[in-house]
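Source file: my_file_22.txt; contents: compact mmCIF, C-alpha atoms.
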```txt
# COMPACT_ATOMS: atom_id res chain seq x y z
CA MET O 17 30.01 -173.57 176.16
CA HIS O 18 33.50 -172.08 175.71
CA ARG O 19 34.34 -172.72 179.41
CA ARG O 20 33.49 -176.37 179.04
CA LEU O 21 35.58 -176.63 175.88
CA VAL O 22 38.61 -174.99 177.58
CA GLY O 23 38.17 -177.17 180.70
CA ALA O 24 37.99 -180.32 178.61
CA THR O 25 41.14 -179.29 176.73
CA VAL O 26 43.10 -178.62 179.95
CA MET O 27 42.04 -181.94 181.50
CA MET O 28 43.08 -183.79 178.36
CA ILE O 29 46.51 -182.09 178.32
CA ILE O 30 47.05 -182.99 182.04
CA ALA O 31 46.08 -186.59 181.39
CA VAL O 32 48.50 -186.80 178.48
CA ALA O 33 51.30 -185.30 180.59
CA VAL O 34 50.73 -187.84 183.39
CA CYS O 35 50.77 -190.70 180.87
CA CYS O 36 54.02 -189.41 179.34
CA ASN O 37 55.61 -189.12 182.84
CA ILE O 38 54.63 -192.69 183.71
CA SER O 39 56.01 -193.92 180.40
CA ALA O 40 59.32 -192.10 180.94
CA THR O 41 59.69 -193.50 184.50
CA LEU O 42 59.05 -197.01 183.25
CA ALA O 43 61.61 -196.59 180.49
CA LEU O 44 64.29 -195.34 182.96
CA SER O 45 63.62 -198.26 185.31
CA LEU O 46 64.05 -200.74 182.51
CA HIS O 47 67.23 -199.01 181.38
CA SER O 48 68.76 -199.13 184.89
CA PHE O 49 67.86 -202.80 185.15
CA HIS O 50 69.63 -203.43 181.90
CA THR O 51 72.82 -201.57 182.94
CA ASP O 52 73.03 -203.48 186.27
CA ALA O 53 73.00 -206.84 184.51
CA PRO O 54 76.88 -207.10 183.99
CA ARG O 55 77.53 -206.36 187.70
CA ARG O 56 75.14 -209.05 188.80
CA ARG O 57 76.77 -211.44 186.38
CA ARG O 58 80.26 -210.82 187.86
CA SER O 59 79.00 -211.44 191.40
CA THR O 60 77.40 -214.66 190.36
CA MET O 61 80.61 -215.82 188.67
CA GLN O 62 82.66 -215.17 191.83
CA LEU O 63 80.15 -217.07 193.93
CA TYR O 64 80.21 -220.14 191.74
CA ARG O 65 83.82 -219.95 190.43
CA SER O 66 84.98 -222.75 192.62
CA ASN O 67 82.13 -224.93 191.62
CA SER O 68 82.45 -227.45 188.86
CA ILE O 69 79.22 -226.44 187.19
CA ILE O 70 80.36 -222.87 186.39
CA GLU O 71 79.98 -223.39 182.65
CA GLN O 72 76.36 -224.40 183.03
CA VAL O 73 75.66 -221.33 185.17
CA GLU O 74 77.21 -219.05 182.55
CA LEU O 75 74.95 -220.52 179.89
CA ASP O 76 71.91 -219.96 182.11
CA ILE O 77 72.93 -216.37 182.76
CA GLN O 78 73.36 -215.70 179.03
CA GLN O 79 69.91 -217.09 178.32
CA GLN O 80 68.42 -214.89 181.04
CA GLU O 81 70.17 -211.83 179.60
CA GLN O 82 68.82 -212.56 176.11
CA GLN O 83 65.30 -212.96 177.49
CA GLN O 84 65.64 -209.70 179.42
CA ASN O 85 66.87 -207.86 176.33
CA VAL O 86 63.94 -209.14 174.26
CA HIS O 87 61.49 -208.18 176.99
CA LEU O 88 63.05 -204.72 177.33
CA ARG O 89 62.89 -204.16 173.56
CA ASP O 90 59.22 -205.14 173.46
CA GLN O 91 58.40 -202.81 176.36
CA ARG O 92 60.18 -199.92 174.64
CA CYS O 93 58.21 -200.52 171.42
CA ASN O 94 54.96 -200.64 173.37
CA CYS O 95 55.89 -197.45 175.20
CA ASP O 96 56.70 -195.64 171.95
CA ARG O 97 53.47 -196.86 170.36
CA SER O 98 51.44 -195.68 173.35
CA ARG O 99 53.06 -192.26 173.24
CA ARG O 100 52.35 -191.97 169.51
CA ASP O 101 48.69 -192.89 170.06
CA ILE O 102 48.37 -190.37 172.88
CA LEU O 103 49.98 -187.60 170.82
CA ALA O 104 47.75 -188.38 167.82
CA THR O 105 44.65 -188.28 170.02
CA LEU O 106 45.76 -185.03 171.61
CA ALA O 107 46.49 -183.42 168.22
CA SER O 108 43.12 -184.39 166.76
CA SER O 109 41.34 -183.12 169.88
CA ILE O 110 43.13 -179.77 169.79
CA ILE O 111 42.37 -179.34 166.07
CA SER O 112 38.67 -180.09 166.55
CA LEU O 113 38.44 -177.80 169.58
CA SER O 114 40.41 -174.94 168.05
CA ALA O 115 37.61 -174.27 165.55
CA GLY O 116 35.44 -172.94 168.40
CA ALA O 117 31.75 -172.28 167.93
CA PRO O 118 31.65 -172.75 164.11
CA ALA O 119 32.97 -176.27 164.53
CA VAL O 120 30.24 -177.05 167.02
CA ALA O 121 27.60 -175.88 164.54
CA ALA O 122 28.96 -178.23 161.86
CA ALA O 123 27.94 -181.84 161.58
CA THR O 124 29.76 -184.21 163.99
CA GLU O 125 30.47 -187.90 163.73
CA SER O 126 27.11 -188.71 165.26
CA ASP O 127 25.35 -186.05 163.17
CA ASN O 128 24.69 -188.03 159.99
CA PHE O 129 21.76 -189.61 158.21
CA GLU O 130 21.61 -192.51 160.65
CA ALA O 131 21.95 -190.62 163.95
CA PRO O 132 19.77 -187.73 165.15
CA MET O 133 21.13 -184.18 164.96
CA ASN O 134 22.28 -182.53 168.13
CA GLY O 135 20.28 -179.62 169.50
CA LEU O 136 22.53 -176.82 168.30
CA THR O 137 22.83 -178.19 164.74
CA ARG O 138 19.08 -178.64 164.47
CA GLN O 139 18.47 -175.13 165.76
CA ILE O 140 20.89 -173.54 163.28
CA ARG O 141 19.53 -175.47 160.31
CA THR O 142 15.95 -174.69 161.28
CA SER O 143 16.79 -171.00 161.54
CA VAL O 144 18.44 -171.01 158.10
CA VAL O 145 15.44 -172.71 156.48
CA LYS O 146 12.94 -170.38 158.16
CA GLY O 147 15.00 -167.37 157.13
CA ALA O 148 15.00 -168.52 153.51
CA GLN O 149 11.23 -169.05 153.64
CA VAL O 150 10.67 -165.56 155.03
CA ILE O 151 12.86 -164.01 152.32
CA ASP O 152 11.03 -165.99 149.63
CA LYS O 153 7.63 -164.78 150.93
CA LEU O 154 8.82 -161.18 150.99
CA ASP O 155 10.14 -161.49 147.44
CA SER O 156 6.85 -163.02 146.25
CA ARG O 157 4.83 -160.20 147.84
CA TRP O 158 7.10 -157.58 146.25
CA GLU O 159 6.69 -159.20 142.84
CA ARG O 160 2.90 -159.20 143.20
CA PHE O 161 2.97 -155.56 144.29
CA SER O 162 5.09 -154.74 141.24
CA ASP O 163 2.68 -156.64 138.98
CA ASP O 164 -0.34 -154.79 140.36
CA PHE O 165 1.16 -151.31 139.91
CA GLY O 166 3.30 -151.98 136.81
CA LEU O 167 6.62 -151.21 138.48
CA GLY O 168 9.81 -151.85 136.52
CA ASP O 169 10.87 -151.20 132.94
CA LYS O 170 10.37 -154.80 131.82
CA ARG O 171 6.70 -154.84 132.84
CA ASN O 172 5.92 -151.59 131.01
CA GLN O 173 7.20 -152.87 127.66
CA PRO O 174 4.58 -153.91 125.07
CA LYS O 175 3.74 -157.61 124.96
CA ARG O 176 5.81 -159.60 122.51
CA ASN O 177 4.94 -162.79 120.70
CA VAL O 178 5.17 -166.03 122.58
CA ILE O 179 6.90 -167.30 119.46
CA ASP O 180 10.20 -165.45 119.72
CA ALA O 181 13.48 -166.93 118.52
CA GLY O 182 15.77 -164.21 119.84
CA GLY O 183 17.45 -161.22 118.24
CA ASN O 184 16.59 -162.00 114.62
CA GLU O 185 13.90 -159.49 113.62
CA ARG O 186 12.40 -161.80 111.00
CA SER O 187 12.12 -164.60 113.53
CA LYS O 188 9.80 -162.37 115.57
CA GLN O 189 7.40 -162.02 112.65
CA VAL O 190 4.47 -164.41 112.60
CA VAL O 191 1.62 -165.46 110.40
CA LYS O 192 -1.51 -165.49 112.52
CA SER O 193 -5.26 -165.77 112.30
CA GLN O 194 -7.93 -163.47 113.57
CA SER O 195 -9.06 -164.34 117.07
CA LYS O 196 -12.74 -164.99 117.69
CA GLY O 197 -12.50 -163.42 121.12
CA GLY O 198 -13.41 -166.59 123.00
CA SER O 199 -16.69 -167.11 121.14
CA ILE O 200 -15.89 -170.61 119.91
CA VAL O 201 -18.69 -172.49 118.20
CA LEU O 202 -17.81 -176.17 118.25
CA ASP O 203 -18.80 -178.37 115.33
CA GLU O 204 -19.98 -181.29 117.45
CA VAL O 205 -20.28 -183.75 114.57
CA PHE O 206 -16.76 -182.98 113.40
CA ALA O 207 -15.37 -183.19 116.95
CA LEU O 208 -17.12 -186.46 117.83
CA ASN O 209 -15.78 -187.91 114.58
CA PHE O 210 -12.30 -187.40 116.06
CA LEU O 211 -13.20 -189.55 119.07
CA GLU O 212 -14.75 -192.23 116.87
CA GLN O 213 -11.54 -192.38 114.82
CA CYS O 214 -9.62 -192.74 118.09
CA ASP O 215 -11.81 -195.65 119.23
CA VAL O 216 -11.35 -197.51 115.94
CA THR O 217 -7.63 -196.89 115.87
CA PHE O 218 -7.21 -197.95 119.50
CA LEU O 219 -8.85 -201.34 118.90
CA THR O 220 -6.84 -201.85 115.71
CA CYS O 221 -3.54 -201.11 117.45
CA LEU O 222 -4.45 -203.49 120.27
CA LYS O 223 -4.89 -206.30 117.74
CA THR O 224 -1.43 -205.61 116.32
CA GLN O 225 -0.15 -206.12 119.88
CA SER O 226 -1.84 -209.56 119.96
CA ILE O 227 -4.52 -208.40 122.41
CA ALA O 228 -7.98 -209.48 121.27
CA THR O 229 -9.77 -209.47 124.64
CA ILE O 230 -11.09 -205.91 124.15
CA GLY O 231 -13.86 -205.47 121.58
CA PRO O 232 -16.01 -202.50 120.53
CA GLU O 233 -18.81 -203.39 122.96
CA SER O 234 -16.41 -203.89 125.87
CA LEU O 235 -14.66 -200.59 125.13
CA LEU O 236 -17.97 -198.70 124.91
CA ARG O 237 -19.20 -200.22 128.18
CA GLN O 238 -16.03 -199.16 130.02
CA ILE O 239 -16.29 -195.63 128.59
CA ASN O 240 -19.92 -195.27 129.72
CA ASP O 241 -19.16 -196.60 133.22
CA THR O 242 -16.21 -194.23 133.61
CA ALA O 243 -18.29 -191.27 132.40
CA LYS O 244 -20.99 -191.95 134.99
CA LEU O 245 -18.39 -192.30 137.72
CA LEU O 246 -16.41 -189.13 136.94
CA ARG O 247 -19.04 -186.65 135.72
CA LYS O 248 -19.88 -185.14 139.12
CA SER O 249 -16.24 -184.72 140.13
CA PHE O 250 -15.14 -183.39 136.73
CA PHE O 251 -17.59 -180.51 136.43
CA LYS O 252 -17.69 -177.80 139.06
CA ALA O 253 -20.87 -177.36 141.10
CA SER O 254 -22.89 -174.93 139.03
CA SER O 255 -26.52 -174.40 138.15
CA ASN O 256 -25.58 -173.81 134.50
CA PRO O 257 -25.29 -176.96 132.36
CA ALA O 258 -22.02 -177.71 130.57
CA ASN O 259 -21.69 -176.27 127.07
CA ALA O 260 -20.57 -178.18 123.98
CA GLN O 261 -16.87 -177.37 124.46
CA GLU O 262 -16.91 -178.57 128.07
CA GLU O 263 -18.77 -181.75 127.13
CA PHE O 264 -16.26 -182.52 124.39
CA ASN O 265 -13.38 -181.88 126.79
CA PHE O 266 -14.97 -184.28 129.29
CA ASN O 267 -15.54 -186.94 126.61
CA CYS O 268 -11.89 -186.65 125.56
CA TYR O 269 -10.80 -187.16 129.16
CA VAL O 270 -13.03 -190.20 129.64
CA HIS O 271 -12.06 -191.90 126.37
CA PHE O 272 -8.32 -191.47 126.85
CA ARG O 273 -8.42 -192.39 130.51
CA VAL O 274 -10.06 -195.68 129.56
CA TYR O 275 -7.42 -196.16 126.85
CA ASN O 276 -4.58 -195.68 129.32
CA GLU O 277 -6.15 -197.94 131.95
CA ILE O 278 -6.48 -200.73 129.38
CA LEU O 279 -2.87 -200.27 128.28
CA VAL O 280 -1.67 -200.52 131.87
CA ARG O 281 -3.89 -203.49 132.67
CA GLU O 282 -2.90 -205.43 129.55
CA LYS O 283 0.82 -204.49 129.97
CA VAL O 284 1.10 -203.18 126.42
CA TYR O 285 4.53 -202.06 125.22
CA PHE O 286 3.80 -198.35 125.05
CA PRO O 287 6.46 -196.76 122.73
CA SER O 288 5.53 -198.78 119.66
CA PHE O 289 1.80 -198.57 120.46
CA GLN O 290 1.93 -194.78 120.84
CA LYS O 291 3.79 -194.37 117.57
CA ASP O 292 1.31 -196.49 115.62
CA PHE O 293 -1.75 -194.98 117.32
CA GLU O 294 -0.80 -191.33 116.71
CA ALA O 295 0.25 -191.97 113.09
CA ASN O 296 -2.97 -193.87 112.25
CA VAL O 297 -5.21 -191.31 113.96
CA GLY O 298 -3.46 -188.50 112.08
CA ARG O 299 -3.99 -190.23 108.73
CA LEU O 300 -7.67 -190.94 109.48
CA ILE O 301 -8.35 -187.36 110.58
CA LEU O 302 -6.55 -185.96 107.54
CA LYS O 303 -8.54 -188.25 105.25
CA SER O 304 -11.85 -187.36 106.91
CA THR O 305 -11.19 -183.64 106.40
CA SER O 306 -10.38 -183.96 102.72
CA LYS O 307 -13.95 -183.08 101.68
CA GLU O 308 -14.05 -179.86 103.66
CA GLN O 309 -10.39 -178.90 103.14
CA PRO O 310 -9.12 -180.54 99.91
CA SER O 311 -5.86 -178.55 99.97
CA LEU O 312 -4.70 -180.48 103.03
CA VAL O 313 -4.28 -183.69 101.03
CA GLN O 314 -1.51 -183.07 98.52
CA ASP O 315 -0.05 -185.37 95.90
CA LEU O 316 3.11 -183.64 94.78
CA ALA O 317 5.03 -184.77 91.71
CA PRO O 318 8.37 -186.51 92.26
CA GLU O 319 10.26 -183.70 90.46
CA THR O 320 8.99 -181.10 92.96
CA THR O 321 11.97 -179.31 94.46
CA LEU O 322 12.71 -179.29 98.17
CA ILE O 323 12.07 -175.56 98.50
CA GLU O 324 8.64 -176.02 96.92
CA ARG O 325 7.86 -178.87 99.29
CA LEU O 326 8.89 -176.72 102.23
CA THR O 327 6.60 -173.94 101.06
CA ASN O 328 3.73 -176.40 100.78
CA ALA O 329 4.51 -177.73 104.26
CA LEU O 330 4.28 -174.24 105.77
CA VAL O 331 1.00 -173.65 103.97
CA ALA O 332 -0.28 -177.05 105.16
CA SER O 333 0.48 -176.05 108.76
CA ASP O 334 -1.59 -172.89 108.33
CA THR O 335 -4.41 -174.76 106.59
CA ALA O 336 -4.64 -177.42 109.31
CA ALA O 337 -4.69 -174.75 112.02
CA THR O 338 -7.35 -172.79 110.16
CA LEU O 339 -9.50 -175.92 109.87
CA LEU O 340 -9.25 -176.49 113.62
CA GLN O 341 -10.24 -172.88 114.20
CA ASN O 342 -13.21 -173.02 111.83
CA LYS O 343 -14.49 -176.19 113.53
CA GLY O 344 -14.28 -174.57 116.96
CA LEU O 345 -11.48 -176.77 118.34
CA ILE O 346 -9.17 -173.75 118.88
CA ASP O 347 -9.73 -170.02 119.22
CA SER O 348 -6.78 -168.73 117.12
CA TRP O 349 -3.31 -169.66 115.93
CA GLU O 350 0.00 -168.08 114.95
CA ARG O 351 3.06 -169.48 113.17
CA SER O 352 6.65 -168.31 113.15
CA ILE O 353 8.40 -167.50 109.85
CA PRO O 354 11.72 -169.35 109.37
CA PRO O 355 14.56 -166.95 108.46
CA ASP O 356 15.62 -166.94 104.80
CA ASP O 357 19.20 -167.85 105.71
CA ASP O 358 18.02 -170.93 107.60
CA ILE O 359 15.82 -171.98 104.67
CA GLU O 360 18.71 -171.55 102.23
CA ASP O 361 21.08 -173.56 104.42
CA TRP O 362 18.53 -176.32 104.87
CA THR O 363 17.65 -176.67 101.18
CA THR O 364 21.25 -176.40 99.90
CA THR O 365 23.00 -179.65 99.07
CA SER O 366 26.78 -179.57 98.53
CA LYS O 367 29.21 -182.17 97.33
CA SER O 368 32.27 -183.06 99.35
CA THR O 369 35.58 -184.38 98.05
CA THR O 370 34.03 -187.85 98.06
CA THR O 371 30.89 -188.94 96.27
CA ASP O 372 28.72 -188.30 99.35
CA ASN O 373 26.49 -185.25 99.68
CA PHE O 374 26.16 -183.13 102.78
CA TYR O 375 23.82 -180.36 103.87
CA VAL O 376 24.82 -176.97 105.16
CA SER O 377 22.14 -177.39 107.85
CA SER O 378 20.28 -180.62 108.55
CA ASP O 379 17.53 -179.08 110.72
CA LEU O 380 14.93 -176.39 110.08
CA GLU O 381 12.76 -175.30 112.98
CA TYR O 382 9.57 -173.29 113.28
CA SER O 383 6.68 -173.08 115.73
CA LEU O 384 2.91 -173.17 115.55
CA ALA O 385 0.88 -171.88 118.50
CA LEU O 386 -2.70 -173.09 119.03
CA ASN O 387 -4.60 -170.75 121.35
CA GLY O 388 -7.68 -171.81 123.29
CA ASP O 389 -7.61 -175.56 122.58
CA VAL O 390 -10.93 -176.95 123.87
CA SER O 391 -9.27 -180.22 124.96
CA LEU O 392 -6.43 -178.47 126.83
CA ASN O 393 -7.76 -179.25 130.32
CA SER O 394 -8.15 -182.95 129.60
CA GLN O 395 -4.61 -183.08 128.19
CA LEU O 396 -3.18 -181.51 131.34
CA LEU O 397 -5.24 -183.63 133.71
CA LEU O 398 -4.29 -186.90 132.01
CA GLN O 399 -0.60 -186.04 132.12
CA GLU O 400 -0.83 -185.00 135.77
CA LEU O 401 -2.21 -188.48 136.49
CA GLY O 402 0.87 -189.99 134.83
CA TYR O 403 -0.75 -191.06 131.55
CA ARG O 404 1.26 -190.53 128.36
CA LEU O 405 -1.54 -190.97 125.80
CA TYR O 406 -3.64 -187.82 125.61
CA PRO O 407 -5.91 -186.14 122.96
CA SER O 408 -3.49 -183.93 121.02
CA PHE O 409 -5.60 -183.68 117.86
CA GLY O 410 -3.88 -180.52 116.60
CA ARG O 411 -0.42 -182.05 116.83
CA TRP O 412 -1.50 -185.25 115.06
CA LEU O 413 -3.26 -183.44 112.22
CA VAL O 414 -0.42 -180.94 111.62
CA HIS O 415 2.21 -183.69 111.78
CA GLU O 416 0.46 -185.76 109.14
CA ALA O 417 -0.26 -182.72 106.91
CA VAL O 418 3.40 -181.64 106.98
CA SER O 419 4.79 -185.17 106.57
CA GLN O 420 2.80 -185.94 103.43
CA CYS O 421 4.32 -182.83 101.75
CA PHE O 422 7.75 -184.44 101.72
CA GLY O 423 6.94 -188.10 101.18
CA ASN O 424 9.46 -190.85 101.74
CA GLU O 425 11.80 -190.23 98.79
CA ASN O 426 13.06 -186.87 100.13
CA LYS O 427 14.29 -188.37 103.42
CA VAL O 428 12.86 -185.60 105.56
CA LYS O 429 11.79 -186.56 109.08
CA VAL O 430 9.22 -184.42 110.90
CA ASN O 431 9.73 -184.16 114.67
CA MET O 432 7.08 -182.37 116.71
CA ASP O 433 6.81 -181.62 120.43
CA ASP O 434 4.05 -179.80 122.27
CA TYR O 435 4.45 -177.35 125.15
CA TYR O 436 1.87 -175.61 127.33
CA MET O 437 2.25 -171.84 127.65
CA ASP O 438 0.66 -169.15 129.81
CA THR O 439 0.54 -166.09 127.53
CA SER O 440 -0.03 -163.65 130.41
CA TYR O 441 2.97 -162.68 132.52
CA ASN O 442 2.79 -163.34 136.25
CA SER O 443 5.60 -163.86 138.73
CA ASP O 444 3.54 -166.14 140.99
CA PRO O 445 3.91 -169.78 139.89
CA ASP O 446 0.66 -170.68 141.68
CA LEU O 447 -1.22 -168.52 139.18
CA PHE O 448 0.20 -170.37 136.15
CA GLU O 449 -2.69 -171.13 133.79
CA PRO O 450 -1.86 -172.59 130.36
CA LYS O 451 -3.87 -171.09 127.53
CA GLN O 452 -1.80 -172.16 124.53
CA VAL O 453 -0.42 -175.34 123.01
CA LEU O 454 2.89 -174.50 121.35
CA LEU O 455 3.99 -176.99 118.68
CA ASN O 456 7.73 -176.99 118.06
CA ILE O 457 8.23 -178.42 114.55
CA VAL O 458 11.67 -179.60 113.42
CA LEU O 459 12.28 -180.74 109.83
CA GLU O 460 15.30 -183.02 109.86
CA ARG O 461 17.11 -184.17 106.73
CA ASP O 462 18.54 -187.68 106.92
```

Could you take the file, read its structure, and then write that structure out as structure tokens?
Amino acid sequence: MHRRLVGATVMMIIAVAVCCNISATLALSLHSFHTDAPRRRRSTMQLYRSNSIIEQVELDIQQQEQQQNVHLRDQRCNCDRSRRDILATLASSIISLSAGAPAVAAATESDNFEAPMNGLTRQIRTSVVKGAQVIDKLDSRWERFSDDFGLGDKRNQPKRNVIDAGGNERSKQVVKSQSKGGSIVLDEVFALNFLEQCDVTFLTCLKTQSIATIGPESLLRQINDTAKLLRKSFFKASSNPANAQEEFNFNCYVHFRVYNEILVREKVYFPSFQKDFEANVGRLILKSTSKEQPSLVQDLAPETTLIERLTNALVASDTAATLLQNKGLIDSWERSIPPDDDIEDWTTTSKSTTTDNFYVSSDLEYSLALNGDVSLNSQLLLQELGYRLYPSFGRWLVHEAVSQCFGNENKVKVNMDDYYMDTSYNSDPDLFEPKQVLLNIVLERD
């Protein structure tokens, strides 16, 4: 490879030298022709001096000299331009060749997205990618070996809360329930009531979107057809029949898949529909649970202070989570405790130099973790299919319970997002298995 590069460089230098020699010879010939012009003119004048048309001859000679000068000037410009082009080509060639082997490995003019890579470039890139894959596999095996034998100081530390806000010791404290150890007994009547509320709310929200083609009978027929179609593929091949939790999870998946398919087919504007649907379902669920959990529905007096409303909101979060646990929809729950300084900053209202009020802190954040949600698999599967409406009953119930503690006159907005967490540490991403729905609750003052 290097011999060919050196040979090509030498041949290019010889070619440039020959071109420069030819250009110089041509320039000297033109120059000598130009210097001999006065002598030829004098000879011509002597030959025609005795003739009466000498003046006409002199004019012709002057015109010829002007033409020759113009032609000579053009040839010199062309010669200079050619030499500049040759030197520029030679310089660029020497610069590209002086890089040696690394320059050959780099992408060339033909090595772009539209032209195929040359052999050497493809070989180098393939080797780099394969090397990275080998290193990644070795690192993954070492991590699994370390997991199996508990190597490393970080792995030997006691397990901390999933709810952990950093270095603040109080932020690591949580209020939590007692786990039932996986022995969840689902209240089927209570759980199916959730799905019935969803069916009613879905049809109502469709009417607000001016879509009246879907009625209760049509919706029920589509749900039954989808259930028959998906049952065999949803449940794993097993001789044991599905239990109540698995059946409810399957029913949630079928109902909400039908909902999403209708929304796509009818081209419903989703943001406004989702907002109305989740708010209405939350209110209906909260109202239906008032008999079994009267403390969830609160009617606070207008003179109730903001700190008292915040305390009631935290208690409402715990009460809603406890209700879900008692009905078998979750296994356990735990809630973070907001730091006292954050609560004080959020509830303090100060006056500025103007008549407007401002808050020391406009946001207060805490988290509520729901462990062992029976509808977790259907939520994940629906979102993996690209659907954005999924059965997040815990989030809807907690959102409505917290929102009604503040009312509209206090100008407190409740923002809530859900995240899926794997509470057991493992370095292999293929073994990621969500077991917890983490609700991040933000109370925002307007």

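Between CA of Val201 (chain O) and CA of Pro310 (chain O) the interatomic distance comes to 22.2 Å.
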
Could you give me, as JSON lines, a per-residue list for region 195-249 of chain O showing, wherever an atom lies at most 7 Å from an atom of region 288-294 of chain O, the closest pair of atoms and their distance in Å to one decimal, using all atoms listed in the file and sorting by chain then residue number from low to high?
```
{"residue": "O:Thr217", "atom": "CA", "partner": "O:Phe293", "partner_atom": "CA", "distance": 6.4}
{"residue": "O:Phe218", "atom": "CA", "partner": "O:Phe293", "partner_atom": "CA", "distance": 6.6}
{"residue": "O:Cys221", "atom": "CA", "partner": "O:Phe293", "partner_atom": "CA", "distance": 6.4}
```

Neighbours of region 376-390 of chain O within 8 Å (all atoms listed in the file; same-chain residues fewer than 4 positions away dropped), as a PyMOL selection string?
chain O and resi 179+198+261-262+264-265+333+337+345-354+358-359+361-362+364-366+410+451-462

Residue nearest Glu449 (chain O) among O:Thr327, O:Asn296, O:Ser234, O:Asn393 (counting all atoms listed in the file)
O:Asn393

Neighbours of Ser304 (chain O) within 12 Å (only C-alpha atoms; same-chain residues fewer than 2 positions away dropped), as a ChimeraX atom specification?
/O:205-207,209-210,212-213,297-302,306-310,312-313,413

Point (-13.9, -189.2, 122.1) neighbourhood (8 Å, only C-alpha atoms) written as a PDB file with C-alpha atoms, in the coordinates of the input:
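See part.pdb below for the written result:
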```pdb
ATOM      1  CA  LEU O 208     -17.120-186.460 117.830  1.00  0.00           C
ATOM      2  CA  ASN O 209     -15.780-187.910 114.580  1.00  0.00           C
ATOM      3  CA  PHE O 210     -12.300-187.400 116.060  1.00  0.00           C
ATOM      4  CA  LEU O 211     -13.200-189.550 119.070  1.00  0.00           C
ATOM      5  CA  GLU O 212     -14.750-192.230 116.870  1.00  0.00           C
ATOM      6  CA  CYS O 214      -9.620-192.740 118.090  1.00  0.00           C
ATOM      7  CA  ASP O 215     -11.810-195.650 119.230  1.00  0.00           C
ATOM      8  CA  PHE O 264     -16.260-182.520 124.390  1.00  0.00           C
ATOM      9  CA  ASN O 267     -15.540-186.940 126.610  1.00  0.00           C
ATOM     10  CA  CYS O 268     -11.890-186.650 125.560  1.00  0.00           C
ATOM     11  CA  TYR O 269     -10.800-187.160 129.160  1.00  0.00           C
ATOM     12  CA  VAL O 270     -13.030-190.200 129.640  1.00  0.00           C
ATOM     13  CA  HIS O 271     -12.060-191.900 126.370  1.00  0.00           C
ATOM     14  CA  PHE O 272      -8.320-191.470 126.850  1.00  0.00           C
TER      15      PHE O 272
END
```

Pick from O:Thr320, O:Ser143, O:Thr335, O:Asn342 nearest to Val418 (chain O), counting all atoms listed in the file
O:Thr335

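If you measure from each of O:Gly423, O:Asp315, O:Val280, O:Ser440 to Gly402 (chain O) using all atoms listed in the file, the closest one turns out to be O:Val280.
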
CA of Ala332 (chain O) to CA of Ala417 (chain O), distance in Å rounded to a single decimal:
5.9 Å

So that I can see what lies close to Ser419 (chain O), please list as a ChimeraX atom specification the residues with an atom at most 8 Å from it, counting all atoms listed in the file and leaving out residues fewer than 2 positions away in the same chain.
/O:329,415-417,421-423,429-430

Given the selection you just returned, output its residues as a file containing C-alpha atoms, formatted as a PDB file, keeping the file's coordinate frame.
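Okay, part_10.pdb is ready:
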```
ATOM      1  CA  ALA O 329       4.510-177.730 104.260  1.00  0.00           C
ATOM      2  CA  HIS O 415       2.210-183.690 111.780  1.00  0.00           C
ATOM      3  CA  GLU O 416       0.460-185.760 109.140  1.00  0.00           C
ATOM      4  CA  ALA O 417      -0.260-182.720 106.910  1.00  0.00           C
ATOM      5  CA  CYS O 421       4.320-182.830 101.750  1.00  0.00           C
ATOM      6  CA  PHE O 422       7.750-184.440 101.720  1.00  0.00           C
ATOM      7  CA  GLY O 423       6.940-188.100 101.180  1.00  0.00           C
ATOM      8  CA  LYS O 429      11.790-186.560 109.080  1.00  0.00           C
ATOM      9  CA  VAL O 430       9.220-184.420 110.900  1.00  0.00           C
TER      10      VAL O 430
END
```

Set the distance at 9 Å and use only C-alpha atoms: which residues neighbour region 237-248 of chain O once local chain neighbours fewer than 2 positions away are removed? I'd like the list as a ChimeraX atom specification.
/O:232-235,250-253,266-267,270-271,273-274
